[in-house]
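I have placed the structure first, in the form of structure tokens, so that the comments after it can refer back to it.
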Amino acid sequence: MRRVLRAAGAMGAAAVLATACGDDPPAPPEVTFAVDGGQVVARPTQLCDVQVTDCTADPSAAVVLAVPPGTPLRIAVPEAIGDTPWLVVFAYRTGAGEQVSARSDLFASEERTEYTLTLPDAADQLETVEVQQLGGTFEPGTDGVEFPTRGTWVLSVDDR
């Protein structure tokens with residue numbers, strides 16, 4: 001008789017846990033930014049559904065990390081991002097003080113979950129980095145098809 005009660009109790013507890021867990025939305029994917037000596041984990045500053053029709057914003061999710069000039073930045077994304085098209089948009093300042101905006105290649109679905117951002121010159125100072133996950137819809141544009149950004153994860157560089 002005890003075995004039946006224990007099994008029934010365990011099944012009841014499992015049902016309660018499954019129900020409780022089923023009510024919670026999945027945690028949003030997080031991106032890790034790392035350099036030798038430190039790393040930070042960013043929540044999305046914007047995250048939308050696949051069709052980019054239902055979005056939430058959290059500007060306070062941006063993170064800060066010290067990245068010395070010329071230091072490569074390692075970026076790791078979870079499968080929830082790596083299984084979709086994504087890219088890295090960034091800005092840096094050259095040794096001569098020129099402001100430059102650039103981006104990585106577009107990574108295809110399931111192509112990769114890691115990327116190392118290396119600036120052209122050792123004197124270049126990274127300023128901002130944004131991982132962008134693209135949406136599942138496309139929009140006709142004047143220069144061809146445009147894919148909307150579904151999610152963004154932002155790093156501001158502390159260059160002091």
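Ordering of the structure tokens sets the chain letters (A, B, ...), residue numbers begin anew at 1 in every chain, and ligands are numbered from 1 in the order given.
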
For this session: Looking only at strand (DSSP E or B) from DSSP on the backbone, list the matching residues of chain A as a VMD selection string.
Result: chain A and resid 31 to 35 38 to 42 46 to 48 55 to 57 63 to 66 73 to 76 86 to 93 99 to 103 107 114 to 117 125 to 134 139 to 141 144 to 146 149 to 158

Any chance you could export the current selection's C-alpha atoms as a short mmCIF file (atom, residue, chain, number, x, y, z; two decimals), in the first residue's frame?
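Written file, again_8.cif:
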```
data_model
loop_
_atom_site.label_atom_id
_atom_site.label_comp_id
_atom_site.auth_asym_id
_atom_site.auth_seq_id
_atom_site.Cartn_x
_atom_site.Cartn_y
_atom_site.Cartn_z
CA VAL A 31 24.19 36.35 -25.10
CA THR A 32 27.64 36.12 -23.53
CA PHE A 33 30.30 38.73 -24.36
CA ALA A 34 33.83 37.86 -23.17
CA VAL A 35 37.43 39.08 -23.23
CA GLY A 38 36.01 39.14 -17.89
CA GLN A 39 32.63 38.35 -19.33
CA VAL A 40 29.06 39.60 -19.09
CA VAL A 41 25.74 38.01 -19.96
CA ALA A 42 23.13 40.13 -21.70
CA GLN A 46 14.26 43.96 -27.59
CA LEU A 47 12.63 40.60 -28.29
CA CYS A 48 9.78 39.89 -30.68
CA CYS A 55 7.59 42.80 -29.07
CA THR A 56 8.89 43.66 -25.63
CA ALA A 57 11.66 46.13 -24.83
CA VAL A 63 25.54 45.35 -20.38
CA VAL A 64 28.95 46.99 -19.96
CA LEU A 65 32.38 45.37 -20.26
CA ALA A 66 35.92 46.77 -20.34
CA LEU A 73 35.70 40.10 -28.21
CA ARG A 74 34.21 36.61 -28.04
CA ILE A 75 30.46 36.36 -28.49
CA ALA A 76 28.45 33.23 -27.67
CA TRP A 86 21.85 36.54 -36.89
CA LEU A 87 24.69 39.03 -37.18
CA VAL A 88 26.84 41.41 -35.13
CA VAL A 89 26.63 45.18 -35.63
CA PHE A 90 29.35 47.26 -33.98
CA ALA A 91 31.01 50.66 -33.77
CA TYR A 92 34.59 51.52 -32.99
CA ARG A 93 37.02 54.42 -32.94
CA GLN A 99 34.23 56.79 -35.87
CA VAL A 100 33.46 53.60 -37.82
CA SER A 101 30.26 51.54 -37.96
CA ALA A 102 30.41 48.00 -39.33
CA ARG A 103 28.83 44.57 -39.17
CA PHE A 107 25.21 33.92 -40.17
CA GLU A 114 30.08 31.68 -31.53
CA TYR A 115 31.84 34.61 -33.16
CA THR A 116 35.05 36.47 -32.38
CA LEU A 117 35.01 40.16 -33.24
CA GLN A 125 38.82 50.93 -29.65
CA LEU A 126 35.54 49.04 -29.70
CA GLU A 127 32.62 51.18 -28.47
CA THR A 128 29.36 49.28 -28.91
CA VAL A 129 28.29 45.84 -30.03
CA GLU A 130 24.82 44.58 -30.86
CA VAL A 131 23.85 41.01 -31.64
CA GLN A 132 20.81 41.06 -33.93
CA GLN A 133 18.52 38.09 -34.47
CA LEU A 134 16.50 38.40 -37.66
CA GLU A 139 9.59 43.28 -46.17
CA PRO A 140 10.02 44.63 -49.68
CA GLY A 141 12.39 47.58 -49.64
CA GLY A 144 15.53 44.64 -52.28
CA VAL A 145 14.20 42.52 -49.46
CA GLU A 146 14.68 43.64 -45.86
CA THR A 149 15.37 42.53 -36.47
CA ARG A 150 13.56 40.23 -34.06
CA GLY A 151 15.88 40.51 -31.08
CA THR A 152 18.83 42.63 -29.94
CA TRP A 153 21.47 42.13 -27.23
CA VAL A 154 23.62 45.19 -26.53
CA LEU A 155 27.11 45.67 -25.10
CA SER A 156 28.50 49.12 -24.30
CA VAL A 157 32.27 49.13 -23.96
CA ASP A 158 33.92 50.74 -20.97
#
```

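Each of A:Val50, A:Ile81, A:Ala27, A:Leu119 was compared to Gly135 (chain A) using only C-alpha atoms, and A:Val50 turns out to be the nearest.
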
Could you pull out the alpha helix (DSSP H) residues of region 23-135 of chain A from DSSP and send them as a short mmCIF file (atom, residue, chain, number, x, y, z; two decimals) with all heavy atoms, in the first residue's frame?
```
data_model
loop_
_atom_site.label_atom_id
_atom_site.label_comp_id
_atom_site.auth_asym_id
_atom_site.auth_seq_id
_atom_site.Cartn_x
_atom_site.Cartn_y
_atom_site.Cartn_z
N ASP A 23 3.08 27.10 -17.02
CA ASP A 23 2.51 28.44 -16.98
C ASP A 23 3.57 29.52 -17.17
O ASP A 23 3.25 30.63 -17.55
CB ASP A 23 1.78 28.68 -15.66
CG ASP A 23 0.51 27.84 -15.54
OD1 ASP A 23 0.02 27.34 -16.58
OD2 ASP A 23 0.03 27.69 -14.41
N GLU A 79 21.48 28.27 -28.77
CA GLU A 79 20.87 27.70 -29.97
C GLU A 79 19.62 28.44 -30.39
O GLU A 79 19.32 28.53 -31.58
CB GLU A 79 20.57 26.22 -29.75
CG GLU A 79 21.81 25.36 -29.74
CD GLU A 79 21.51 23.89 -29.56
OE1 GLU A 79 20.33 23.48 -29.59
OE2 GLU A 79 22.48 23.12 -29.40
N ALA A 80 18.88 29.00 -29.44
CA ALA A 80 17.66 29.75 -29.78
C ALA A 80 17.96 30.91 -30.72
O ALA A 80 17.10 31.33 -31.49
CB ALA A 80 16.99 30.27 -28.50
N ILE A 81 19.17 31.42 -30.68
CA ILE A 81 19.59 32.47 -31.61
C ILE A 81 20.36 31.84 -32.78
O ILE A 81 20.11 32.15 -33.94
CB ILE A 81 20.46 33.54 -30.91
CG1 ILE A 81 19.65 34.24 -29.82
CG2 ILE A 81 20.99 34.56 -31.92
CD1 ILE A 81 20.48 35.13 -28.91
N GLY A 82 21.29 30.94 -32.48
CA GLY A 82 22.11 30.31 -33.52
C GLY A 82 21.33 29.50 -34.53
O GLY A 82 21.79 29.29 -35.65
#
```

Exercise. CA of Pro29 (chain A) and CA of Pro68 (chain A) are how many Å apart?
Worked result: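 Calculated distance between CA of Pro29 (chain A) and CA of Pro68 (chain A) is 26.9 Å.
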
Exercise. How far is it from CA of Thr45 (chain A) to CA of Val77 (chain A), in Å with one decimal?
Worked result: 14.6 Å
